[in-house]
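Visitor: What follows is run-v2.pdb, made up of PDB, C-alpha atoms and all ligand atoms:
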ATOM      1  CA  MET A 224      61.947 156.178  97.504
ATOM      2  CA  SER A 225      58.605 154.470  97.448
ATOM      3  CA  GLY A 226      59.522 151.976 100.173
ATOM      4  CA  PRO A 227      59.737 148.214 100.194
ATOM      5  CA  MET A 228      56.021 147.624  99.567
ATOM      6  CA  ALA A 229      55.745 149.378  96.216
ATOM      7  CA  LEU A 230      55.117 146.287  94.132
ATOM      8  CA  GLY A 231      51.960 144.546  95.196
ATOM      9  CA  ALA A 232      50.970 142.914  98.433
ATOM     10  CA  VAL A 233      53.547 141.941 100.997
ATOM     11  CA  ASP A 234      52.929 139.377 103.670
ATOM     12  CA  PRO A 235      52.214 141.446 106.824
ATOM     13  CA  GLN A 236      54.072 138.858 108.898
ATOM     14  CA  VAL A 237      57.243 139.761 107.081
ATOM     15  CA  VAL A 238      57.107 143.421 108.120
ATOM     16  CA  PRO A 239      59.250 143.642 111.242
ATOM     17  CA  THR A 240      57.614 144.951 114.389
ATOM     18  CA  PRO A 241      59.486 147.934 115.885
ATOM     19  CA  GLY A 242      62.454 146.828 117.952
ATOM     20  CA  ALA A 243      62.335 143.288 116.567
ATOM     21  CA  PRO A 244      64.877 141.733 114.207
ATOM     22  CA  VAL A 245      64.099 141.682 110.500
ATOM     23  CA  LEU A 246      66.096 138.474 110.075
ATOM     24  CA  GLU A 247      66.744 135.746 112.580
ATOM     25  CA  ALA A 248      68.649 132.486 112.277
ATOM     26  CA  ARG A 249      68.044 129.920 114.987
ATOM     27  CA  ASP A 250      70.415 127.008 115.376
ATOM     28  CA  VAL A 251      71.087 126.700 111.645
ATOM     29  CA  ALA A 252      73.222 123.764 110.485
ATOM     30  CA  VAL A 253      74.537 122.690 107.082
ATOM     31  CA  GLY A 254      76.265 119.414 106.321
ATOM     32  CA  TYR A 255      77.921 118.197 103.141
ATOM     33  CA  GLY A 256      78.131 114.445 103.471
ATOM     34  CA  GLY A 257      80.194 113.988 106.597
ATOM     35  CA  VAL A 258      81.409 117.606 106.766
ATOM     36  CA  ARG A 259      79.628 119.838 109.275
ATOM     37  CA  ALA A 260      80.103 123.141 107.502
ATOM     38  CA  VAL A 261      77.671 125.090 109.722
ATOM     39  CA  ASP A 262      76.977 123.732 113.166
ATOM     40  CA  GLY A 263      74.219 125.526 115.039
ATOM     41  CA  VAL A 264      74.543 129.215 114.154
ATOM     42  CA  SER A 265      72.065 131.695 115.628
ATOM     43  CA  LEU A 266      72.044 135.411 114.960
ATOM     44  CA  ALA A 267      69.713 138.343 114.439
ATOM     45  CA  VAL A 268      69.859 141.345 112.124
ATOM     46  CA  TYR A 269      67.852 144.467 112.957
ATOM     47  CA  PRO A 270      66.511 146.947 110.404
ATOM     48  CA  GLY A 271      69.080 149.627 109.641
ATOM     49  CA  GLU A 272      72.168 147.750 110.762
ATOM     50  CA  VAL A 273      75.099 146.174 108.989
ATOM     51  CA  VAL A 274      76.233 142.934 110.579
ATOM     52  CA  GLY A 275      79.538 141.430 109.474
ATOM     53  CA  ILE A 276      80.510 137.770 109.466
ATOM     54  CA  ILE A 277      84.235 137.115 109.621
ATOM     55  CA  GLY A 278      86.306 134.013 110.180
ATOM     56  CA  PRO A 279      89.073 131.933 108.631
ATOM     57  CA  ASN A 280      88.737 130.112 105.290
ATOM     58  CA  GLY A 281      86.372 127.168 105.457
ATOM     59  CA  ALA A 282      84.644 128.469 108.609
ATOM     60  CA  GLY A 283      81.241 127.991 106.983
ATOM     61  CA  LYS A 284      80.416 131.640 106.274
ATOM     62  CA  SER A 285      79.279 131.188 102.664
ATOM     63  CA  SER A 286      77.408 127.998 103.515
ATOM     64  CA  PHE A 287      75.553 129.865 106.251
ATOM     65  CA  LEU A 288      74.630 132.691 103.875
ATOM     66  CA  GLY A 289      73.459 130.075 101.356
ATOM     67  CA  ALA A 290      71.284 128.445 104.015
ATOM     68  CA  LEU A 291      69.692 131.826 104.751
ATOM     69  CA  GLY A 292      69.031 132.508 101.077
ATOM     70  CA  GLY A 293      67.830 128.964 100.502
ATOM     71  CA  GLN A 294      70.465 128.027  97.909
ATOM     72  CA  VAL A 295      72.142 125.621 100.347
ATOM     73  CA  LYS A 296      70.164 122.888 102.108
ATOM     74  CA  ARG A 297      69.873 123.156 105.886
ATOM     75  CA  SER A 298      70.110 120.063 108.015
ATOM     76  CA  ARG A 299      68.683 121.824 111.069
ATOM     77  CA  GLY A 300      67.367 125.124 112.376
ATOM     78  CA  HIS A 301      64.952 127.900 111.488
ATOM     79  CA  ILE A 302      65.119 131.145 109.545
ATOM     80  CA  LEU A 303      62.696 133.962 110.262
ATOM     81  CA  LEU A 304      62.011 137.024 108.148
ATOM     82  CA  GLY A 305      60.098 139.386 110.382
ATOM     83  CA  SER A 306      57.932 136.995 112.340
ATOM     84  CA  ARG A 307      57.481 134.583 109.443
ATOM     85  CA  ASP A 308      59.313 131.277 109.381
ATOM     86  CA  ILE A 309      60.713 131.013 105.846
ATOM     87  CA  SER A 310      62.853 127.913 106.445
ATOM     88  CA  GLN A 311      60.834 125.766 104.070
ATOM     89  CA  LEU A 312      60.574 128.272 101.211
ATOM     90  CA  PRO A 313      62.620 128.055  97.997
ATOM     91  CA  PRO A 314      65.100 130.882  97.235
ATOM     92  CA  HIS A 315      62.811 132.822  94.857
ATOM     93  CA  GLU A 316      60.024 132.889  97.461
ATOM     94  CA  ARG A 317      62.426 134.167 100.101
ATOM     95  CA  ALA A 318      63.579 136.836  97.656
ATOM     96  CA  ARG A 319      60.014 137.803  96.850
ATOM     97  CA  LEU A 320      59.352 138.257 100.563
ATOM     98  CA  GLY A 321      62.387 140.517 100.886
ATOM     99  CA  LEU A 322      65.481 138.412 101.591
ATOM    100  CA  VAL A 323      67.856 138.821  98.663
ATOM    101  CA  ARG A 324      71.490 138.063  98.011
ATOM    102  CA  THR A 325      73.940 139.145  95.369
ATOM    103  CA  PHE A 326      75.441 136.723  92.913
ATOM    104  CA  GLN A 327      78.648 136.812  90.986
ATOM    105  CA  THR A 328      78.042 138.319  87.590
ATOM    106  CA  THR A 329      77.208 135.849  84.839
ATOM    107  CA  SER A 330      77.822 135.911  81.090
ATOM    108  CA  GLU A 331      74.245 137.097  80.737
ATOM    109  CA  PHE A 332      75.070 140.090  82.938
ATOM    110  CA  ALA A 333      78.008 140.918  80.654
ATOM    111  CA  ARG A 334      75.829 140.843  77.525
ATOM    112  CA  MET A 335      73.133 143.153  78.887
ATOM    113  CA  THR A 336      73.331 146.874  79.536
ATOM    114  CA  VAL A 337      73.119 148.186  83.083
ATOM    115  CA  PHE A 338      69.567 149.346  82.401
ATOM    116  CA  GLU A 339      68.552 145.919  81.073
ATOM    117  CA  ASN A 340      70.228 144.241  84.027
ATOM    118  CA  LEU A 341      68.212 146.316  86.457
ATOM    119  CA  VAL A 342      64.906 145.862  84.637
ATOM    120  CA  THR A 343      65.263 142.087  84.398
ATOM    121  CA  ALA A 344      66.160 141.933  88.087
ATOM    122  CA  ALA A 345      63.086 144.000  88.975
ATOM    123  CA  GLU A 346      60.944 141.793  86.745
ATOM    124  CA  GLY A 347      61.982 138.859  88.902
ATOM    125  CA  ASP A 348      59.153 139.539  91.330
ATOM    126  CA  SER A 349      56.688 141.357  89.095
ATOM    127  CA  GLY A 350      55.297 138.331  87.303
ATOM    128  CA  ALA A 351      55.773 140.044  83.927
ATOM    129  CA  SER A 352      55.495 137.492  81.154
ATOM    130  CA  LEU A 353      54.673 137.186  77.490
ATOM    131  CA  LYS A 354      51.254 135.819  78.369
ATOM    132  CA  ALA A 355      50.576 138.882  80.511
ATOM    133  CA  VAL A 356      51.565 141.161  77.631
ATOM    134  CA  ILE A 357      49.084 139.466  75.309
ATOM    135  CA  LEU A 358      46.241 139.358  77.815
ATOM    136  CA  HIS A 359      46.720 142.791  79.388
ATOM    137  CA  PRO A 360      48.638 145.020  76.965
ATOM    138  CA  ARG A 361      47.813 148.253  78.738
ATOM    139  CA  ARG A 362      48.662 146.964  82.182
ATOM    140  CA  THR A 363      51.929 145.606  80.824
ATOM    141  CA  HIS A 364      52.770 148.981  79.350
ATOM    142  CA  LEU A 365      52.281 150.601  82.757
ATOM    143  CA  ARG A 366      54.370 147.903  84.343
ATOM    144  CA  GLU A 367      57.209 148.495  81.874
ATOM    145  CA  GLN A 368      57.081 152.167  82.635
ATOM    146  CA  GLU A 369      57.217 151.482  86.340
ATOM    147  CA  LEU A 370      60.147 149.083  85.948
ATOM    148  CA  SER A 371      61.990 151.632  83.854
ATOM    149  CA  GLU A 372      61.384 154.356  86.435
ATOM    150  CA  ARG A 373      62.577 152.077  89.177
ATOM    151  CA  ALA A 374      65.760 151.278  87.270
ATOM    152  CA  PHE A 375      66.505 154.965  86.683
ATOM    153  CA  GLY A 376      65.632 155.843  90.278
ATOM    154  CA  ILE A 377      68.215 153.430  91.573
ATOM    155  CA  MET A 378      70.839 154.552  89.033
ATOM    156  CA  GLU A 379      70.354 158.156  90.117
ATOM    157  CA  ARG A 380      70.651 157.202  93.736
ATOM    158  CA  PHE A 381      74.079 155.656  93.127
ATOM    159  CA  GLU A 382      75.209 158.179  90.516
ATOM    160  CA  MET A 383      75.299 155.489  87.840
ATOM    161  CA  THR A 384      72.935 156.998  85.235
ATOM    162  CA  HIS A 385      75.871 157.541  82.865
ATOM    163  CA  THR A 386      76.367 153.753  82.786
ATOM    164  CA  ALA A 387      72.754 152.959  81.754
ATOM    165  CA  ASP A 388      73.702 151.957  78.197
ATOM    166  CA  LEU A 389      77.029 150.334  79.007
ATOM    167  CA  TYR A 390      77.231 146.567  78.787
ATOM    168  CA  GLY A 391      78.092 144.606  81.911
ATOM    169  CA  ARG A 392      81.398 143.596  80.353
ATOM    170  CA  GLU A 393      82.388 147.252  79.944
ATOM    171  CA  LEU A 394      82.129 148.016  83.662
ATOM    172  CA  SER A 395      85.000 148.231  86.116
ATOM    173  CA  GLY A 396      85.132 145.750  89.000
ATOM    174  CA  GLY A 397      83.708 148.332  91.397
ATOM    175  CA  GLN A 398      80.867 149.316  89.062
ATOM    176  CA  ARG A 399      80.046 145.660  88.545
ATOM    177  CA  ARG A 400      79.768 145.075  92.289
ATOM    178  CA  LEU A 401      77.565 148.114  92.611
ATOM    179  CA  VAL A 402      75.261 146.953  89.795
ATOM    180  CA  GLU A 403      74.994 143.537  91.487
ATOM    181  CA  ILE A 404      73.828 145.336  94.623
ATOM    182  CA  MET A 405      71.514 147.613  92.624
ATOM    183  CA  ARG A 406      69.977 144.519  91.022
ATOM    184  CA  CYS A 407      69.016 143.417  94.526
ATOM    185  CA  LEU A 408      67.712 146.835  95.540
ATOM    186  CA  VAL A 409      65.288 147.210  92.622
ATOM    187  CA  ARG A 410      63.453 144.314  94.229
ATOM    188  CA  HIS A 411      62.864 146.441  97.356
ATOM    189  CA  PRO A 412      64.316 143.955  99.820
ATOM    190  CA  GLN A 413      64.217 144.136 103.596
ATOM    191  CA  VAL A 414      67.443 142.212 104.042
ATOM    192  CA  LEU A 415      70.507 142.091 101.830
ATOM    193  CA  LEU A 416      72.980 139.205 102.038
ATOM    194  CA  LEU A 417      76.434 139.957 100.633
ATOM    195  CA  ASP A 418      79.315 137.510 100.242
ATOM    196  CA  GLU A 419      82.638 139.340  99.911
ATOM    197  CA  PRO A 420      81.268 142.401  98.073
ATOM    198  CA  MET A 421      84.685 144.098  97.867
ATOM    199  CA  VAL A 422      86.328 141.419  95.709
ATOM    200  CA  GLY A 423      87.479 143.032  92.468
ATOM    201  CA  VAL A 424      86.868 146.573  93.693
ATOM    202  CA  ALA A 425      89.857 148.902  93.246
ATOM    203  CA  PRO A 426      91.203 149.933  96.679
ATOM    204  CA  HIS A 427      90.463 153.627  96.130
ATOM    205  CA  LEU A 428      86.789 152.791  95.470
ATOM    206  CA  THR A 429      86.110 150.603  98.502
ATOM    207  CA  GLY A 430      85.368 153.755 100.506
ATOM    208  CA  LYS A 431      82.569 154.699  98.122
ATOM    209  CA  LEU A 432      81.051 151.216  98.237
ATOM    210  CA  ILE A 433      81.204 151.266 102.041
ATOM    211  CA  ASP A 434      79.399 154.638 102.065
ATOM    212  CA  ASP A 435      76.798 153.309  99.596
ATOM    213  CA  LEU A 436      76.123 150.255 101.741
ATOM    214  CA  ARG A 437      75.881 152.385 104.895
ATOM    215  CA  GLY A 438      73.394 154.586 103.030
ATOM    216  CA  ILE A 439      71.297 151.550 102.086
ATOM    217  CA  ALA A 440      71.214 150.452 105.730
ATOM    218  CA  ALA A 441      70.261 153.981 106.776
ATOM    219  CA  ASP A 442      67.108 153.535 104.662
ATOM    220  CA  GLY A 443      66.081 150.795 107.086
ATOM    221  CA  LEU A 444      67.398 147.649 105.411
ATOM    222  CA  GLY A 445      69.249 145.012 107.350
ATOM    223  CA  ILE A 446      72.562 143.980 105.773
ATOM    224  CA  LEU A 447      74.463 140.787 106.546
ATOM    225  CA  VAL A 448      77.878 140.748 104.933
ATOM    226  CA  VAL A 449      80.696 138.199 104.804
ATOM    227  CA  GLU A 450      83.997 140.014 104.414
ATOM    228  CA  HIS A 451      87.646 139.049 104.799
ATOM    229  CA  ALA A 452      89.240 142.495 104.822
ATOM    230  CA  LEU A 453      89.150 143.530 108.462
ATOM    231  CA  GLU A 454      89.661 147.215 107.674
ATOM    232  CA  VAL A 455      86.508 147.109 105.526
ATOM    233  CA  VAL A 456      84.627 145.315 108.301
ATOM    234  CA  ARG A 457      85.729 147.926 110.835
ATOM    235  CA  ARG A 458      84.397 150.766 108.704
ATOM    236  CA  LEU A 459      81.299 149.043 107.360
ATOM    237  CA  CYS A 460      79.773 146.996 110.162
ATOM    238  CA  ASP A 461      77.884 147.958 113.302
ATOM    239  CA  ARG A 462      78.459 144.516 114.796
ATOM    240  CA  VAL A 463      80.572 141.522 113.947
ATOM    241  CA  VAL A 464      79.984 137.795 114.315
ATOM    242  CA  VAL A 465      83.029 135.526 114.161
ATOM    243  CA  MET A 466      82.702 131.990 112.828
ATOM    244  CA  ALA A 467      85.205 129.149 113.046
ATOM    245  CA  PHE A 468      84.616 125.479 112.291
ATOM    246  CA  GLY A 469      80.943 126.105 111.625
ATOM    247  CA  LYS A 470      80.227 127.788 114.953
ATOM    248  CA  VAL A 471      79.982 131.337 116.295
ATOM    249  CA  ILE A 472      83.006 131.831 118.514
ATOM    250  CA  ALA A 473      82.558 135.545 119.266
ATOM    251  CA  ALA A 474      80.179 138.411 118.566
ATOM    252  CA  GLY A 475      80.108 142.093 119.395
ATOM    253  CA  GLU A 476      81.726 145.353 118.365
ATOM    254  CA  PHE A 477      84.653 145.124 115.993
ATOM    255  CA  GLU A 478      87.397 146.316 118.366
ATOM    256  CA  GLU A 479      86.241 144.052 121.143
ATOM    257  CA  VAL A 480      85.899 141.015 118.881
ATOM    258  CA  VAL A 481      89.309 141.285 117.187
ATOM    259  CA  ALA A 482      90.976 141.665 120.586
ATOM    260  CA  ASP A 483      89.433 138.381 121.751
ATOM    261  CA  PRO A 484      92.232 135.794 122.206
ATOM    262  CA  GLN A 485      89.950 133.020 120.902
ATOM    263  CA  VAL A 486      89.386 134.979 117.683
ATOM    264  CA  GLN A 487      93.103 135.640 117.260
ATOM    265  CA  ALA A 488      93.819 131.956 117.795
ATOM    266  CA  ALA A 489      91.214 130.968 115.158
ATOM    267  CA  TYR A 490      92.864 133.251 112.601
ATOM    268  CA  LEU A 491      96.333 131.920 113.347
ATOM    269  CA  SER A 492      95.412 128.245 113.436
TER     270      SER A 492
HETATM  271  N1  LIG B 501      79.422 122.209  97.894
HETATM  272  C1  LIG B 501      80.214 121.704  98.854
HETATM  273  N2  LIG B 501      80.393 120.363  98.974
HETATM  274  C2  LIG B 501      81.177 119.855  99.949
HETATM  275  N3  LIG B 501      81.809 120.580 100.872
HETATM  276  C3  LIG B 501      81.674 121.922 100.813
HETATM  277  C4  LIG B 501      80.869 122.550  99.805
HETATM  278  N4  LIG B 501      80.908 123.890  99.995
HETATM  279  C5  LIG B 501      81.698 124.089 101.083
HETATM  280  N5  LIG B 501      82.161 122.922 101.564
HETATM  281  C6  LIG B 501      83.016 122.739 102.755
HETATM  282  O1  LIG B 501      82.298 123.299 103.852
HETATM  283  C7  LIG B 501      83.178 124.032 104.697
HETATM  284  C8  LIG B 501      82.722 125.478 104.783
HETATM  285  O2  LIG B 501      82.895 126.102 103.518
HETATM  286  P1  LIG B 501      82.410 127.580 103.207
HETATM  287  O3  LIG B 501      82.671 127.831 101.783
HETATM  288  O4  LIG B 501      81.030 127.755 103.710
HETATM  289  O5  LIG B 501      83.414 128.427 104.123
HETATM  290  P2  LIG B 501      83.757 129.980 104.093
HETATM  291  O6  LIG B 501      83.833 130.401 105.523
HETATM  292  O7  LIG B 501      82.836 130.707 103.215
HETATM  293  O8  LIG B 501      85.237 129.973 103.489
HETATM  294  P3  LIG B 501      85.998 131.102 102.615
HETATM  295  O9  LIG B 501      86.403 132.165 103.600
HETATM  296  O10 LIG B 501      87.177 130.383 102.080
HETATM  297  O11 LIG B 501      85.059 131.589 101.570
HETATM  298  C9  LIG B 501      84.582 123.832 104.138
HETATM  299  O12 LIG B 501      85.167 122.746 104.797
HETATM  300  C10 LIG B 501      84.319 123.514 102.683
HETATM  301  O13 LIG B 501      85.345 122.723 102.150
HETATM  302 MG    MG B 502      83.097 131.885 101.480
END
Can you present the structure in this file as structure tokens?
Ligand SMILES: Nc1ncnc2c1ncn2[C@@H]1O[C@H](COP(=O)(O)OP(=O)(O)OP(=O)(O)O)[C@@H](O)[C@H]1O
Ligand SMILES: [Mg+2]
Guide:
Amino acid sequence: MSGPMALGAVDPQVVPTPGAPVLEARDVAVGYGGVRAVDGVSLAVYPGEVVGIIGPNGAGKSSFLGALGGQVKRSRGHILLGSRDISQLPPHERARLGLVRTFQTTSEFARMTVFENLVTAAEGDSGASLKAVILHPRRTHLREQELSERAFGIMERFEMTHTADLYGRELSGGQRRLVEIMRCLVRHPQVLLLDEPMVGVAPHLTGKLIDDLRGIAADGLGILVVEHALEVVRRLCDRVVVMAFGKVIAAGEFEEVVADPQVQAAYLS
């Protein structure tokens, strides 16, 4: 692959220095009215690793992911991508710099083919517009070609070329999840945020999605994933962070974390 910098200039501050985290959350908090959904969460994700967030319902996992992506308002704390503080940036700026998250498929997704879905996702950061087409027809043509190549490159990588002309609505749950992830990857991110990526995936296909995600991490991306199914977490994640009542109550390797009496108590309470 052409690497994360293929499309235009990237802020050098966002490129992680060797041995340093690609994503860091420092004392992040989220409140909804009186509810403290996230209450001072700090964690780091290094390039090439998959970090899992687990915890009981309502622990604040999705709110925390939203605070990282910028979709949910923080009440406190800092978020760093590489060495750059991105806490004040809107979601599309964070995505442009390399922090992207998947979204549930929309009706628009269902009405477009897989190819169209990937191209429009890639366009997200390319600045392609009607005005650009009129002013710079040749440049736009090259851009379209590049976007198309990128879309096919990613489909080949995940053995999805045969789905190029299928509409989103024609895909199975597992294929849909994969296309959601591919839509993120065409933007050449440095960090991928995933909230329950296995929902709707047939049990016999979760293994493939786990392998695909491990492969993505092996390319040097950092992945932060919220997941309920502990068996998936065990196979997918290098490290696990456990949240309960908006706080981190344990962190470490899967086996060690699930054996922690405090973690077991949080799941039973
Ligand atoms: N938009 C919102 N407005 C008000 N309260 C919210 C909102 N979103 C979440 N909450 C509350 O914040 C807390 C954390 O919710 P959140 O969805 O982040 O938890 P979660 O760990 O992702 O849970 P689940 O495992 O069920 O997905 C809960 O008490 C929830 O009711
Ligand atoms: Mg959630």
Visitor: Would you please work out which residue, of A:Ala374, A:Leu303, A:Leu453, A:Val464, is nearest to A:Cys407 when using all atoms listed in the file?
Guide: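 So, comparing all the options, the nearest one is A:Ala374.
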Visitor: Could I get the residue neighbourhood of ligand LIG 501 (chain B) at 7 Å, counting all atoms listed in the file, as number ranges by chain?
Guide: A: 255, 258-260, 278-287
Visitor: Ranking A:Glu419, A:Asp308, A:Glu369, A:Asp461 by minimum distance to ligand MG 502 (chain B) and counting only C-alpha atoms and all ligand atoms, which one comes first?
Guide: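 Between A:Glu419, A:Asp308, A:Glu369, A:Asp461, the residue approaching ligand MG 502 (chain B) most closely is A:Glu419.
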Visitor: Can you tell me which residues surround A:Gly242 at a distance of at most 9 Å, considering all atoms listed in the file, apart from same-chain residues fewer than 2 positions away, and format the answer as a list in words?
Guide: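 Contacts, with the query itself left out: Pro239, Thr240, Pro244, Tyr269 and Pro270 of chain A.
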Visitor: Which residues are close to A:Val274, i.e. within 8 Å by all atoms listed in the file, leaving aside same-chain residues fewer than 6 positions away? Reply as a VMD selection string.
Guide: chain A and resid 268 445 to 448 460 to 464
Visitor: Considering all atoms listed in the file, can you say which of A:Pro420, A:Gly254, A:Gly321, A:Pro314 comes closest to ligand MG 502 (chain B)?
Guide: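 Closest to ligand MG 502 (chain B), using all atoms listed in the file: A:Pro420.
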Visitor: I need the residue nearest A:Leu459 from this list: A:Leu436, A:His411, A:Ala441, A:Leu370. Use all atoms listed in the file for the distance.
Guide: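 The answer is A:Leu436, which sits nearest to A:Leu459.
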Visitor: Padding 4 Å on each side, edges along x, y and z: where is the centre of the box around the listed atoms of stretch 423-442 of chain A, and how long are its edges in Å to one decimal? Output it as lines of an AutoDock Vina configuration file.
Guide:
center_x = 79.2
center_y = 148.9
center_z = 99.6
size_x = 32.1
size_y = 19.7
size_z = 22.3
Visitor: Which value, in Å to one decimal, gives the distance between atom CA of A:Ile472 and atom MG of ligand MG 502 (chain B)?
Guide: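 Between these atoms lies a distance of 17.0 Å.
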Visitor: What is the distance between atom CA of A:Gly423 and atom CA of A:Gly397, in Å to one decimal?
Guide: 6.6 Å
Visitor: Rank nothing, just name the residue among A:Val422, A:Ala345, A:Ile276, A:Ala387 nearest to A:Arg319, using all atoms listed in the file.
Guide: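 Closest to A:Arg319, using all atoms listed in the file: A:Ala345.
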Visitor: Might you spell out which residues the PyMOL selection byres (((chain A and resi 491) around 12) and not hetatm) would select in the displayed file, as a PDB file with C-alpha atoms, keeping the file's coordinate frame?
Guide:
ATOM      1  CA  GLY A 278      86.306 134.013 110.180  1.00  0.00           C
ATOM      2  CA  PRO A 279      89.073 131.933 108.631  1.00  0.00           C
ATOM      3  CA  ASN A 280      88.737 130.112 105.290  1.00  0.00           C
ATOM      4  CA  ALA A 467      85.205 129.149 113.046  1.00  0.00           C
ATOM      5  CA  PRO A 484      92.232 135.794 122.206  1.00  0.00           C
ATOM      6  CA  GLN A 485      89.950 133.020 120.902  1.00  0.00           C
ATOM      7  CA  VAL A 486      89.386 134.979 117.683  1.00  0.00           C
ATOM      8  CA  GLN A 487      93.103 135.640 117.260  1.00  0.00           C
ATOM      9  CA  ALA A 488      93.819 131.956 117.795  1.00  0.00           C
ATOM     10  CA  ALA A 489      91.214 130.968 115.158  1.00  0.00           C
ATOM     11  CA  TYR A 490      92.864 133.251 112.601  1.00  0.00           C
ATOM     12  CA  SER A 492      95.412 128.245 113.436  1.00  0.00           C
TER      13      SER A 492
END
Visitor: Just give me the gap between atom CA of A:Phe468 and atom CA of A:Val455 in Å, one decimal is fine.
Guide: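 Distance reported for this atom pair: 22.7 Å.
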Visitor: With all atoms listed in the file as the basis for distance, which of A:Asp418, A:Asp442, A:Lys296, A:Val245 is at the shortest distance from ligand MG 502 (chain B)?
Guide: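 Selected residue with least distance to ligand MG 502 (chain B): A:Asp418.
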Visitor: Would you kindly identify which residues have an atom no farther than 10 Å from (72.1, 152.8, 78.9), using all atoms listed in the file and the file's own coordinates, and write them out as a list in words?
Guide: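 Output: Met335, Thr336, Val337, Phe338, Glu339, Phe375, Met383, Thr384, His385, Thr386, Ala387, Asp388, Leu389 and Tyr390 of chain A.
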